[in-house]
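Enquirer: So here's my_file-v3.cif, just mmCIF, C-alpha atoms (C1' of nucleotides):
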data_model
#
loop_
_atom_site.label_atom_id
_atom_site.label_comp_id
_atom_site.auth_asym_id
_atom_site.auth_seq_id
_atom_site.Cartn_x
_atom_site.Cartn_y
_atom_site.Cartn_z
CA MET A 275 -19.69 -9.06 -3.86
CA ARG A 276 -19.57 -12.82 -3.64
CA ALA A 277 -16.44 -12.67 -1.47
CA TYR A 278 -18.00 -10.15 0.90
CA TRP A 279 -21.14 -12.26 0.97
CA LYS A 280 -19.50 -15.55 1.83
CA ASP A 281 -17.03 -14.14 4.36
CA ASP A 282 -16.98 -11.16 6.64
CA PRO A 283 -16.18 -8.00 4.64
CA ALA A 284 -13.68 -7.10 7.37
CA ASP A 285 -11.76 -10.30 6.66
CA ILE A 286 -11.46 -9.94 2.89
CA SER A 287 -8.49 -7.91 1.70
CA ILE A 288 -8.26 -5.90 -1.48
CA ASN A 289 -5.44 -8.25 -2.50
CA ALA A 290 -7.69 -11.27 -2.09
CA ILE A 291 -10.46 -9.64 -4.10
CA CYS A 292 -8.09 -8.81 -6.94
CA ALA A 293 -6.88 -12.41 -7.00
CA LEU A 294 -10.42 -13.80 -6.96
CA ALA A 295 -11.62 -11.43 -9.66
CA GLU A 296 -8.41 -11.87 -11.68
CA VAL A 297 -8.02 -8.12 -11.84
CA SER A 298 -4.91 -6.08 -11.22
CA LYS A 299 -4.89 -3.87 -8.14
CA PRO A 300 -4.45 -0.59 -10.02
CA ALA A 301 -7.38 -1.61 -12.25
CA LEU A 302 -9.54 -1.98 -9.17
CA TYR A 303 -8.37 1.37 -7.84
CA ARG A 304 -9.05 3.03 -11.19
CA ALA A 305 -12.55 1.61 -11.24
CA PHE A 306 -13.57 2.20 -7.62
CA GLY A 307 -11.11 4.67 -6.13
CA GLY A 308 -10.29 2.50 -3.14
CA GLU A 309 -11.70 0.03 -0.66
CA ASP A 310 -14.44 2.37 0.45
CA GLY A 311 -15.57 2.96 -3.12
CA LEU A 312 -15.53 -0.76 -3.85
CA MET A 313 -17.60 -1.62 -0.80
CA ARG A 314 -20.04 1.12 -1.57
CA ALA A 315 -20.39 -0.16 -5.14
CA VAL A 316 -20.81 -3.72 -3.88
CA LEU A 317 -23.49 -2.57 -1.48
CA ASP A 318 -25.34 -0.71 -4.21
CA ARG A 319 -25.27 -3.73 -6.49
CA TYR A 320 -26.28 -6.02 -3.64
CA ALA A 321 -29.20 -3.75 -2.78
CA GLU A 322 -30.64 -3.88 -6.27
CA LEU A 323 -29.93 -7.57 -6.62
CA VAL A 324 -30.96 -8.98 -3.23
CA LEU A 325 -32.41 -6.42 -0.85
CA VAL A 326 -34.98 -5.56 -3.45
CA ASP A 327 -36.57 -8.94 -2.71
CA ILE A 328 -37.36 -7.81 0.84
CA PHE A 329 -38.89 -4.56 -0.28
CA GLU A 330 -40.84 -6.48 -2.89
CA ILE A 331 -42.35 -8.69 -0.19
CA LEU A 332 -43.61 -5.57 1.58
CA ALA A 333 -44.80 -3.96 -1.63
CA ARG A 334 -47.19 -6.84 -2.26
CA GLY A 335 -49.37 -5.47 0.50
CA ALA A 336 -50.27 -8.98 1.61
CA PRO A 337 -51.88 -9.68 5.00
CA LEU A 338 -49.52 -9.39 7.97
CA LYS A 339 -49.20 -13.09 8.61
CA ASP A 340 -48.33 -13.89 5.00
CA THR A 341 -45.78 -11.11 4.87
CA LEU A 342 -44.09 -12.16 8.08
CA ASP A 343 -44.01 -15.77 6.87
CA ALA A 344 -42.36 -14.66 3.66
CA LEU A 345 -39.80 -12.58 5.57
CA VAL A 346 -39.05 -15.44 7.93
CA HIS A 347 -38.60 -17.81 5.04
CA PHE A 348 -36.36 -15.48 3.10
CA THR A 349 -34.24 -14.72 6.13
CA SER A 350 -33.86 -18.10 7.74
CA GLU A 351 -34.40 -20.62 4.97
CA ASP A 352 -33.59 -19.18 1.54
CA ALA A 353 -30.49 -20.98 0.28
CA LYS A 354 -28.83 -17.90 -1.13
CA MET A 355 -28.88 -16.27 2.31
CA ALA A 356 -27.10 -19.24 3.89
CA THR A 357 -24.00 -17.15 4.62
CA GLY A 358 -25.94 -14.14 5.81
CA CYS A 359 -26.52 -10.75 4.26
CA VAL A 360 -23.89 -8.36 2.91
CA PHE A 361 -25.79 -5.33 4.15
CA TYR A 362 -26.09 -6.62 7.70
CA LYS A 363 -22.48 -7.80 7.71
CA MET A 364 -21.36 -4.32 6.83
CA ARG A 365 -23.76 -2.82 9.35
CA ALA A 366 -22.37 -5.09 12.08
CA GLY A 367 -18.87 -3.77 11.43
CA LYS A 368 -20.01 -0.20 10.79
CA HIS A 369 -17.11 1.36 12.69
CA ARG A 370 -14.69 -0.25 10.23
CA LEU A 371 -16.35 1.17 7.11
CA GLY A 372 -15.18 4.08 5.03
CA PRO A 373 -17.37 7.19 4.87
CA GLN A 374 -19.12 6.38 1.58
CA THR A 375 -20.04 2.83 2.55
CA ARG A 376 -21.06 3.88 6.03
CA GLU A 377 -23.38 6.55 4.66
CA ARG A 378 -24.97 4.08 2.27
CA VAL A 379 -25.45 1.56 5.09
CA GLU A 380 -27.22 4.18 7.16
CA GLU A 381 -29.42 5.14 4.23
CA ILE A 382 -30.45 1.57 3.60
CA ASP A 383 -31.02 1.01 7.31
CA ALA A 384 -33.27 4.05 7.60
CA GLY A 385 -35.04 3.10 4.37
CA ALA A 386 -35.73 -0.38 5.67
CA VAL A 387 -37.15 0.87 8.97
CA ASN A 388 -39.34 3.19 6.98
CA ALA A 389 -40.52 0.55 4.54
CA PHE A 390 -41.47 -1.82 7.37
CA ALA A 391 -43.20 0.99 9.25
CA SER A 392 -45.19 2.05 6.19
CA TYR A 393 -46.23 -1.49 5.49
CA LEU A 394 -47.37 -1.97 9.10
CA GLU A 395 -49.25 1.30 9.12
CA ALA A 396 -51.07 0.17 5.99
CA ARG A 397 -51.97 -3.13 7.63
CA ARG A 398 -53.22 -1.27 10.67
CA ASN A 399 -55.53 0.76 8.46
CA ALA A 400 -56.64 -2.45 6.81
CA GLY A 401 -57.65 -3.70 10.27
CA ASP A 402 -55.06 -6.42 9.93
CA TRP A 403 -52.63 -5.27 12.60
CA ASN A 404 -54.09 -4.62 16.03
CA SER A 405 -51.33 -3.19 18.14
CA GLU A 406 -50.85 0.03 20.06
CA LEU A 407 -47.22 0.00 19.02
CA PRO A 408 -45.96 2.97 16.99
CA ALA A 409 -45.25 1.69 13.49
CA SER A 410 -41.81 3.27 13.51
CA LYS A 411 -40.84 1.37 16.65
CA ALA A 412 -42.13 -1.87 15.17
CA GLY A 413 -40.22 -1.15 11.97
CA ARG A 414 -36.98 -0.66 13.89
CA TYR A 415 -37.69 -3.86 15.80
CA LEU A 416 -38.17 -5.83 12.59
CA VAL A 417 -34.92 -4.54 11.12
CA GLU A 418 -33.03 -5.54 14.26
CA GLN A 419 -34.56 -9.01 14.50
CA ILE A 420 -33.90 -9.76 10.85
CA GLY A 421 -30.34 -8.61 11.44
CA LEU A 422 -30.02 -11.02 14.33
CA ALA A 423 -31.30 -13.85 12.18
CA PHE A 424 -28.83 -13.07 9.39
CA ALA A 425 -26.01 -12.89 11.92
CA GLN A 426 -26.96 -16.34 13.16
CA ARG A 427 -27.02 -17.70 9.63
CA ALA A 428 -23.63 -16.16 8.89
CA ALA A 429 -22.32 -17.84 12.05
CA GLY A 430 -23.44 -21.17 10.65
CA GLU A 431 -26.29 -21.85 13.05
CA ASP A 432 -28.94 -24.39 12.19
CA PRO A 433 -31.55 -22.71 9.95
CA ALA A 434 -34.34 -24.35 11.93
CA GLN A 435 -33.06 -22.72 15.09
CA VAL A 436 -32.70 -19.38 13.35
CA LYS A 437 -36.29 -19.70 12.23
CA ASP A 438 -37.44 -20.55 15.77
CA THR A 439 -35.74 -17.49 17.21
CA LEU A 440 -37.07 -15.16 14.54
CA GLU A 441 -40.62 -16.50 14.77
CA MET A 442 -40.57 -16.08 18.54
CA ALA A 443 -39.32 -12.55 18.20
CA LEU A 444 -42.03 -11.65 15.70
CA LEU A 445 -44.72 -12.67 18.17
CA ALA A 446 -44.01 -9.33 19.85
CA LEU A 447 -45.67 -7.57 16.92
CA GLU A 448 -49.02 -9.17 17.60
CA ARG A 449 -48.90 -8.32 21.30
CA LYS A 450 -49.36 -5.09 23.23
CA MET B 249 -9.75 -6.49 29.47
CA ARG B 250 -10.65 -2.82 29.49
CA ALA B 251 -9.32 -2.40 25.95
CA TYR B 252 -11.31 -5.39 24.66
CA TRP B 253 -14.32 -4.07 26.49
CA LYS B 254 -14.29 -0.55 25.09
CA ASP B 255 -13.38 -1.55 21.54
CA ASP B 256 -13.90 -4.59 19.41
CA PRO B 257 -11.42 -7.33 20.38
CA ALA B 258 -10.71 -7.82 16.66
CA ASP B 259 -9.56 -4.21 16.41
CA ILE B 260 -7.13 -4.22 19.35
CA SER B 261 -3.63 -5.42 18.54
CA ILE B 262 -1.20 -7.05 20.93
CA ASN B 263 1.05 -4.06 20.37
CA ALA B 264 -1.69 -1.67 21.46
CA ILE B 265 -2.41 -3.74 24.56
CA CYS B 266 1.27 -3.78 25.56
CA ALA B 267 1.40 -0.01 25.17
CA LEU B 268 -1.77 0.52 27.20
CA ALA B 269 -0.67 -1.85 29.94
CA GLU B 270 2.90 -0.52 29.86
CA VAL B 271 4.18 -4.06 29.52
CA SER B 272 6.79 -5.34 27.09
CA LYS B 273 5.64 -7.72 24.42
CA PRO B 274 7.82 -10.64 25.53
CA ALA B 275 6.48 -10.17 29.07
CA LEU B 276 2.95 -10.56 27.78
CA TYR B 277 3.95 -13.64 25.80
CA ARG B 278 5.66 -15.14 28.87
CA ALA B 279 2.52 -14.59 30.93
CA PHE B 280 -0.14 -15.69 28.44
CA GLY B 281 1.60 -17.59 25.66
CA GLY B 282 0.07 -15.54 22.87
CA GLU B 283 -3.01 -13.66 21.75
CA ASP B 284 -5.25 -16.66 22.19
CA GLY B 285 -4.05 -17.22 25.75
CA LEU B 286 -4.50 -13.57 26.59
CA MET B 287 -8.02 -13.45 25.27
CA ARG B 288 -8.91 -16.61 27.08
CA ALA B 289 -7.53 -15.18 30.31
CA VAL B 290 -9.39 -11.93 29.76
CA LEU B 291 -12.60 -13.85 29.15
CA ASP B 292 -12.11 -15.89 32.33
CA ARG B 293 -11.51 -12.77 34.37
CA TYR B 294 -14.44 -11.01 32.74
CA ALA B 295 -16.71 -13.93 33.48
CA GLU B 296 -15.97 -13.90 37.19
CA LEU B 297 -16.07 -10.11 37.35
CA VAL B 298 -19.09 -9.26 35.21
CA LEU B 299 -20.99 -12.24 33.84
CA VAL B 300 -21.38 -13.50 37.38
CA ASP B 301 -23.86 -10.64 37.88
CA ILE B 302 -26.17 -12.16 35.29
CA PHE B 303 -26.03 -15.60 36.84
CA GLU B 304 -26.59 -14.01 40.23
CA ILE B 305 -29.81 -12.41 38.98
CA LEU B 306 -31.06 -15.84 37.99
CA ALA B 307 -29.87 -17.46 41.21
CA ARG B 308 -32.09 -15.18 43.27
CA GLY B 309 -35.04 -17.21 42.07
CA ALA B 310 -37.18 -14.11 41.91
CA PRO B 311 -40.51 -14.05 40.02
CA LEU B 312 -40.21 -13.99 36.24
CA LYS B 313 -41.19 -10.37 35.80
CA ASP B 314 -38.66 -9.15 38.37
CA THR B 315 -35.90 -11.24 36.87
CA LEU B 316 -36.59 -10.05 33.33
CA ASP B 317 -36.69 -6.45 34.55
CA ALA B 318 -33.33 -6.91 36.22
CA LEU B 319 -31.88 -8.47 33.07
CA VAL B 320 -33.23 -5.69 30.90
CA HIS B 321 -31.84 -3.06 33.22
CA PHE B 322 -28.42 -4.68 33.42
CA THR B 323 -28.23 -5.14 29.66
CA SER B 324 -29.61 -1.89 28.37
CA GLU B 325 -29.10 0.64 31.15
CA ASP B 326 -26.21 -0.31 33.42
CA ALA B 327 -23.46 2.25 32.88
CA LYS B 328 -20.62 -0.25 32.92
CA MET B 329 -22.19 -2.10 29.96
CA ALA B 330 -22.33 1.07 27.87
CA THR B 331 -19.78 -0.27 25.41
CA GLY B 332 -21.29 -3.74 25.27
CA CYS B 333 -20.10 -7.05 26.64
CA VAL B 334 -16.69 -8.65 26.15
CA PHE B 335 -18.19 -12.11 25.94
CA TYR B 336 -20.69 -11.20 23.27
CA LYS B 337 -18.10 -9.21 21.34
CA MET B 338 -15.89 -12.27 21.21
CA ARG B 339 -18.85 -14.46 20.33
CA ALA B 340 -19.80 -12.12 17.47
CA GLY B 341 -16.33 -12.56 15.97
CA LYS B 342 -16.04 -16.23 16.86
CA HIS B 343 -14.40 -17.20 13.57
CA ARG B 344 -11.50 -14.89 14.39
CA LEU B 345 -10.76 -16.43 17.80
CA GLY B 346 -8.00 -18.84 18.67
CA PRO B 347 -8.92 -22.35 19.81
CA GLN B 348 -8.69 -21.72 23.57
CA THR B 349 -10.80 -18.58 23.52
CA ARG B 350 -13.29 -20.10 21.13
CA GLU B 351 -13.77 -23.11 23.35
CA ARG B 352 -14.28 -20.92 26.40
CA VAL B 353 -16.82 -18.80 24.50
CA GLU B 354 -18.76 -21.90 23.58
CA GLU B 355 -18.68 -23.14 27.16
CA ILE B 356 -19.99 -19.86 28.49
CA ASP B 357 -22.63 -19.73 25.78
CA ALA B 358 -23.87 -23.22 26.59
CA GLY B 359 -23.72 -22.47 30.31
CA ALA B 360 -25.82 -19.36 29.86
CA VAL B 361 -28.49 -21.13 27.82
CA ASN B 362 -28.58 -23.76 30.54
CA ALA B 363 -28.81 -21.29 33.39
CA PHE B 364 -31.68 -19.43 31.73
CA ALA B 365 -33.45 -22.69 30.94
CA SER B 366 -33.08 -23.96 34.50
CA TYR B 367 -34.38 -20.71 35.91
CA LEU B 368 -37.38 -20.77 33.60
CA GLU B 369 -38.13 -24.40 34.37
CA ALA B 370 -38.12 -23.50 38.07
CA ARG B 371 -40.51 -20.61 37.45
CA ARG B 372 -42.76 -22.94 35.47
CA ASN B 373 -42.91 -25.27 38.43
CA ALA B 374 -43.63 -22.30 40.66
CA GLY B 375 -46.62 -21.58 38.42
CA ASP B 376 -45.02 -18.32 37.45
CA TRP B 377 -44.29 -19.05 33.83
CA ASN B 378 -47.22 -20.27 31.75
CA SER B 379 -45.84 -21.17 28.37
CA GLU B 380 -45.77 -24.31 26.28
CA LEU B 381 -42.30 -23.36 25.12
CA PRO B 382 -39.49 -25.81 25.88
CA ALA B 383 -37.28 -24.15 28.50
CA SER B 384 -34.15 -24.88 26.46
CA LYS B 385 -35.56 -23.04 23.47
CA ALA B 386 -36.54 -20.09 25.64
CA GLY B 387 -33.05 -20.11 27.18
CA ARG B 388 -31.44 -19.97 23.76
CA TYR B 389 -33.81 -17.18 22.80
CA LEU B 390 -32.86 -15.14 25.86
CA VAL B 391 -29.16 -15.54 25.18
CA GLU B 392 -29.62 -14.35 21.60
CA GLN B 393 -31.79 -11.37 22.51
CA ILE B 394 -29.42 -10.20 25.21
CA GLY B 395 -26.62 -10.55 22.68
CA LEU B 396 -28.54 -8.35 20.26
CA ALA B 397 -29.04 -5.73 22.96
CA PHE B 398 -25.33 -5.71 23.84
CA ALA B 399 -24.43 -5.41 20.16
CA GLN B 400 -26.71 -2.40 19.91
CA ARG B 401 -25.11 -0.81 22.97
CA ALA B 402 -21.63 -1.47 21.59
CA ALA B 403 -22.71 0.23 18.37
CA GLY B 404 -23.63 3.30 20.38
CA GLU B 405 -27.39 3.12 20.02
CA ASP B 406 -29.61 5.03 22.39
CA PRO B 407 -30.08 2.96 25.58
CA ALA B 408 -33.77 3.76 25.60
CA GLN B 409 -34.11 2.25 22.14
CA VAL B 410 -32.09 -0.79 23.15
CA LYS B 411 -34.42 -1.23 26.10
CA ASP B 412 -37.49 -0.93 23.88
CA THR B 413 -36.22 -3.59 21.52
CA LEU B 414 -35.25 -5.98 24.29
CA GLU B 415 -38.52 -5.53 26.18
CA MET B 416 -40.47 -6.18 23.00
CA ALA B 417 -38.46 -9.30 22.33
CA LEU B 418 -39.04 -10.62 25.84
CA LEU B 419 -42.79 -10.44 25.37
CA ALA B 420 -42.38 -13.61 23.36
CA LEU B 421 -41.67 -15.50 26.56
CA GLU B 422 -45.10 -14.75 27.97
CA ARG B 423 -46.88 -15.81 24.80
CA LYS B 424 -47.56 -19.20 23.23
"C1'" DA C 61 34.02 -8.80 44.78
"C1'" DT C 62 33.24 -11.88 41.21
"C1'" DA C 63 31.12 -15.60 38.54
"C1'" DA C 64 26.93 -18.01 37.19
"C1'" DT C 65 22.20 -17.78 36.55
"C1'" DA C 66 17.61 -16.03 35.88
"C1'" DA C 67 14.61 -12.42 34.14
"C1'" DA C 68 13.30 -8.92 31.19
"C1'" DA C 69 13.43 -5.60 27.38
"C1'" DT C 70 15.30 -4.05 22.76
"C1'" DA C 71 15.37 -4.92 18.34
"C1'" DC C 72 14.27 -7.73 15.03
"C1'" DC C 73 11.60 -11.34 11.71
"C1'" DA C 74 8.52 -12.68 7.92
"C1'" DG C 75 4.18 -11.68 6.13
"C1'" DG C 76 0.11 -9.09 5.00
"C1'" DC C 77 -2.16 -4.70 4.47
"C1'" DA C 78 -3.96 -0.44 1.53
"C1'" DG C 79 -2.38 2.27 -1.76
"C1'" DT C 80 0.75 4.07 -5.79
"C1'" DA C 81 5.01 5.31 -8.83
"C1'" DC C 82 6.52 4.04 -12.92
"C1'" DG C 83 7.67 1.51 -17.03
"C1'" DT C 84 5.35 -0.71 -20.90
"C1'" DA C 85 2.11 -1.64 -24.27
"C1'" DA C 86 -1.81 -0.40 -26.96
"C1'" DA C 87 -4.54 2.84 -29.28
"C1'" DT C 88 -5.40 7.17 -31.41
"C1'" DA C 89 -3.96 11.48 -34.01
"C1'" DT C 90 -1.37 13.53 -37.35
"C1'" DA D 34 4.75 5.84 -40.69
"C1'" DT D 35 5.46 8.50 -36.85
"C1'" DA D 36 4.21 11.22 -32.67
"C1'" DT D 37 1.15 11.59 -28.88
"C1'" DT D 38 -1.92 10.11 -25.77
"C1'" DT D 39 -4.28 6.71 -23.06
"C1'" DA D 40 -4.74 2.39 -20.71
"C1'" DC D 41 -2.73 -1.02 -17.81
"C1'" DG D 42 0.06 -4.16 -14.87
"C1'" DT D 43 4.63 -4.97 -12.37
"C1'" DA D 44 6.84 -3.86 -8.67
"C1'" DC D 45 7.27 -1.05 -5.07
"C1'" DT D 46 6.23 2.06 -0.68
"C1'" DG D 47 5.43 2.58 4.25
"C1'" DC D 48 2.98 0.65 7.87
"C1'" DC D 49 1.26 -2.60 11.01
"C1'" DT D 50 0.54 -7.42 12.47
"C1'" DG D 51 1.72 -11.56 15.73
"C1'" DG D 52 5.64 -13.61 17.35
"C1'" DT D 53 10.77 -14.26 18.77
"C1'" DA D 54 16.19 -14.17 18.85
"C1'" DT D 55 19.41 -11.72 21.10
"C1'" DT D 56 21.26 -8.64 24.18
"C1'" DT D 57 21.02 -6.22 28.41
"C1'" DT D 58 19.84 -5.95 33.26
"C1'" DA D 59 19.01 -7.79 37.74
"C1'" DT D 60 19.53 -11.44 40.96
"C1'" DT D 61 21.67 -15.15 43.26
"C1'" DA D 62 25.76 -18.24 44.43
"C1'" DT D 63 30.40 -18.54 45.63
#
As structure tokens, please, write out the structure in this file.
Expert:
Amino acid sequence: MRAYWKDDPADISINAICALAEVSKPALYRAFGGEDGLMRAVLDRYAELVLVDIFEILARGAPLKDTLDALVHFTSEDAKMATGCVFYKMRAGKHRLGPQTRERVEEIDAGAVNAFASYLEARRNAGDWNSELPASKAGRYLVEQIGLAFAQRAAGEDPAQVKDTLEMALLALERK
Amino acid sequence: MRAYWKDDPADISINAICALAEVSKPALYRAFGGEDGLMRAVLDRYAELVLVDIFEILARGAPLKDTLDALVHFTSEDAKMATGCVFYKMRAGKHRLGPQTRERVEEIDAGAVNAFASYLEARRNAGDWNSELPASKAGRYLVEQIGLAFAQRAAGEDPAQVKDTLEMALLALERK
DNA sequence: ATAATAAAATACCAGGCAGTACGTAAATAT
DNA sequence: ATATTTACGTACTGCCTGGTATTTTATTAT
């Protein structure tokens, strides 16, 4: 997971992972079945270890501004996300994934859109979000913009600039 | 160029290109020196064949709304961009590029930010763009958002959805 | 027509990849 | 204590990669 996190999953070979983990290759194959199984397992672990933080931010049910601030901070400033996000890295190279990993990526993607949409809908009912935008469209938009920010971080861009871009993009939620 | 355009440059081998172009491998090496030289040459050709259209849109000096509409249409609806943009594909996998191609990518990137910024500055002077945003920051923002849209197209997302996302993102230019 | 030269392709190189056959060592069963 | 099973790593497979040495083909000079 750490290797996939620091580098691009597409650039890390099974051989390299075995060396890093000090595990024999057959041991890895016995445990995970193959590269697809390993990546799927990594993604599952990453989801419950890291992505859960994002869902937790939404679950607080805080006012829109606070929530967006927290998301912006987590995405563009949190030190542990300095090399980007495993989920979004895999999503960016979706066509290279095996079937198991790909399916899991799509599940998480859909789940994230949904979680954002539900949160926004709740804020709309709370009178906190005044927009004619369908919540589902806004949820999709959030997922994409956060993905862009993580891609920028993974590319080594200045966190301040990543933050600028993301904050600008999120202005669209308050409009229309 | 067509191969890099349809697929991800990182997924197209020199061997595959030689087969597609019906050219022997040494012939390709004589002409371009290597993979880096080939990609750089492709990028140059692509710039004068396709990217020029974007710069041409800006050069018209049309009102902001018209220009943004044209950019949105070109990015999210133009049929020839259905598989994304060679430049942005290379930029997305920058760490995998050779030195020549990488340098050219960075030049084009900087040039694009500049062209957008200059255009916006001109529209500000024309009283057409009322924003406190520094033009350079807005230029960077535009480059990133167009990149996101092309990445979505390359991933096969519904053009209508790509358009939605990009149009939402561009609202940020009118705000603040 | 033949010899020298230039151009171009075949066939190869080392290295890395995902994945596995197989021999060996450890643990369990009798 | 011995036989059987289970776990495990070495060493290998076939394949593909970017890049090139060598041979063959075409052209030019004599």
Enquirer: Please determine the contact residues of chain D with respect to chain A at a cut-off of 12 Å, counting only C-alpha atoms (C1' of nucleotides), and supply them as a compact mmCIF listing (two decimals) with C-alpha atoms (C1' of nucleotides), in the coordinates of the input.
Expert:
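Written output follows (iface30.txt):
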# COMPACT_ATOMS: atom_id res chain seq x y z
C1' DA D 40 -4.74 2.39 -20.71
C1' DC D 41 -2.73 -1.02 -17.81
C1' DG D 42 0.06 -4.16 -14.87
C1' DT D 43 4.63 -4.97 -12.37
C1' DA D 44 6.84 -3.86 -8.67
Enquirer: Can you check which parts of segment 366-435 of chain A lie within 10 Å of segment 338-352 of chain B? Per residue, the shortest pair of atoms and distance in Å to one decimal, counting all atoms listed in the file, sorted by chain and number, as CSV.
Expert:
residue,atom,partner,partner_atom,distance
A:Ala366,CA,B:Ala340,CA,9.2
A:Ala425,CA,B:Ala340,CA,8.4
A:Gln426,CA,B:Ala340,CA,9.4
A:Ala429,CA,B:Lys342,CA,8.1
Enquirer: Select from chain A every residue with an atom at most 12 Å from any atom of chain C, then for each give the shortest pair of atoms and their distance in Å to one decimal, using all atoms listed in the file, rows by chain and rising number, as CSV.
Expert:
residue,atom,partner,partner_atom,distance
A:Asp285,CA,C:DC77,C1',11.3
A:Ile286,CA,C:DC77,C1',10.8
A:Ser287,CA,C:DC77,C1',7.6
A:Ile288,CA,C:DA78,C1',7.6
A:Asn289,CA,C:DC77,C1',8.5
A:Ala290,CA,C:DG76,C1',10.8
A:Lys299,CA,C:DG79,C1',9.2
A:Pro300,CA,C:DT80,C1',8.2
A:Ala301,CA,C:DT80,C1',11.8
A:Leu302,CA,C:DG79,C1',11.1
A:Tyr303,CA,C:DG79,C1',8.6
A:Arg304,CA,C:DT80,C1',11.2
A:Gly307,CA,C:DG79,C1',10.1
A:Gly308,CA,C:DG79,C1',8.0
A:Glu309,CA,C:DA78,C1',8.1
A:Asp310,CA,C:DA78,C1',10.9
Enquirer: Write out as a count of residues only which residues come within 10 Å of Ala336 of chain A when counting only C-alpha atoms (C1' of nucleotides), dropping same-chain ones fewer than 4 positions away.
Expert: 9
Enquirer: List as a list in words the protein and nucleic acid residues near Lys354 of chain A, meaning an atom at most 12 Å away when only C-alpha atoms (C1' of nucleotides) are counted, but skip any in the same chain fewer than 3 places from it.
Expert: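 The filter keeps Arg276, Trp279, Lys280, Leu323, Val324, Asp327, His347, Phe348, Thr349, Ser350, Glu351, Thr357, Gly358, Cys359, Val360, Phe424, Arg427 and Ala428 of chain A.
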Enquirer: Quick check on the file I pasted: which residues fall under the PyMOL selection byres ((chain A) within 6 of (chain B))? Write them as JSON, numbers by chain.
Expert: {"A": [415, 439, 442, 443, 445, 446]}
Enquirer: Mind dumping the selected residues with C-alpha atoms as a PDB file, in the frame of the given file?
Expert:
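As written to disk, again-v3.pdb reads:
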ATOM      1  CA  TYR A 415     -37.690  -3.860  15.800  1.00  0.00           C
ATOM      2  CA  THR A 439     -35.740 -17.490  17.210  1.00  0.00           C
ATOM      3  CA  MET A 442     -40.570 -16.080  18.540  1.00  0.00           C
ATOM      4  CA  ALA A 443     -39.320 -12.550  18.200  1.00  0.00           C
ATOM      5  CA  LEU A 445     -44.720 -12.670  18.170  1.00  0.00           C
ATOM      6  CA  ALA A 446     -44.010  -9.330  19.850  1.00  0.00           C
TER       7      ALA A 446
END
Enquirer: Any idea what the distance is between atom CA of Ser405 of chain A and atom CA of Lys437 of chain A?
Expert: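 Atom CA of Lys437 of chain A lies at a distance of 23.1 Å from atom CA of Ser405 of chain A.
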Enquirer: So how many Å separate atom CA of Met313 of chain A and atom CA of Ile382 of chain A, to one decimal?
Expert: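 About the pair atom CA of Met313 of chain A and atom CA of Ile382 of chain A: they are 14.0 Å apart.
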Enquirer: Report, in Å to a single decimal, how far apart atom CA of Glu355 of chain B and atom CA of Met355 of chain A are.
Expert: 27.7 Å
Enquirer: Near Gly401 of chain A, counting all atoms listed in the file, which residues have an atom at most 12 Å away, once you skip same-chain residues fewer than 5 positions from it, shown as a list in words?
Expert: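 After dropping sequence-adjacent residues, the list is Pro337, Leu338, Leu394, Glu395 and Ala396 of chain A.
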Enquirer: Around all the atoms of segment 77-88 of chain C listed in the file, draw an axis-aligned box and extend it by 3 Å on each of the six sides; I want its centre and edge lengths in Å to one decimal, as lines of an AutoDock Vina configuration file.
Expert:
center_x = 1.1
center_y = 1.2
center_z = -13.5
size_x = 19.1
size_y = 17.9
size_z = 41.9
Enquirer: Can segment 425-433 of chain A be brought up to N, CA and C atoms and written out as a PDB file, in the frame of the given file?
Expert:
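result_18.pdb, freshly written:
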ATOM      1  N   ALA A 425     -27.267 -12.673  11.197  1.00  0.00           N
ATOM      2  CA  ALA A 425     -26.010 -12.890  11.920  1.00  0.00           C
ATOM      3  C   ALA A 425     -25.886 -14.345  12.341  1.00  0.00           C
ATOM      4  N   GLN A 426     -26.982 -14.915  12.773  1.00  0.00           N
ATOM      5  CA  GLN A 426     -26.960 -16.340  13.160  1.00  0.00           C
ATOM      6  C   GLN A 426     -26.667 -17.218  11.955  1.00  0.00           C
ATOM      7  N   ARG A 427     -27.287 -16.910  10.836  1.00  0.00           N
ATOM      8  CA  ARG A 427     -27.020 -17.700   9.630  1.00  0.00           C
ATOM      9  C   ARG A 427     -25.550 -17.581   9.231  1.00  0.00           C
ATOM     10  N   ALA A 428     -25.034 -16.364   9.258  1.00  0.00           N
ATOM     11  CA  ALA A 428     -23.630 -16.160   8.890  1.00  0.00           C
ATOM     12  C   ALA A 428     -22.706 -16.930   9.824  1.00  0.00           C
ATOM     13  N   ALA A 429     -23.136 -17.103  11.084  1.00  0.00           N
ATOM     14  CA  ALA A 429     -22.320 -17.840  12.050  1.00  0.00           C
ATOM     15  C   ALA A 429     -22.459 -19.337  11.885  1.00  0.00           C
ATOM     16  N   GLY A 430     -23.303 -19.750  10.943  1.00  0.00           N
ATOM     17  CA  GLY A 430     -23.440 -21.170  10.650  1.00  0.00           C
ATOM     18  C   GLY A 430     -24.425 -21.912  11.532  1.00  0.00           C
ATOM     19  N   GLU A 431     -25.308 -21.170  12.200  1.00  0.00           N
ATOM     20  CA  GLU A 431     -26.290 -21.850  13.050  1.00  0.00           C
ATOM     21  C   GLU A 431     -27.330 -22.590  12.222  1.00  0.00           C
ATOM     22  N   ASP A 432     -27.914 -23.572  12.831  1.00  0.00           N
ATOM     23  CA  ASP A 432     -28.940 -24.390  12.190  1.00  0.00           C
ATOM     24  C   ASP A 432     -30.110 -23.504  11.753  1.00  0.00           C
ATOM     25  N   PRO A 433     -30.452 -23.535  10.450  1.00  0.00           N
ATOM     26  CA  PRO A 433     -31.550 -22.710   9.950  1.00  0.00           C
ATOM     27  C   PRO A 433     -32.850 -22.889  10.731  1.00  0.00           C
TER      28      PRO A 433
END
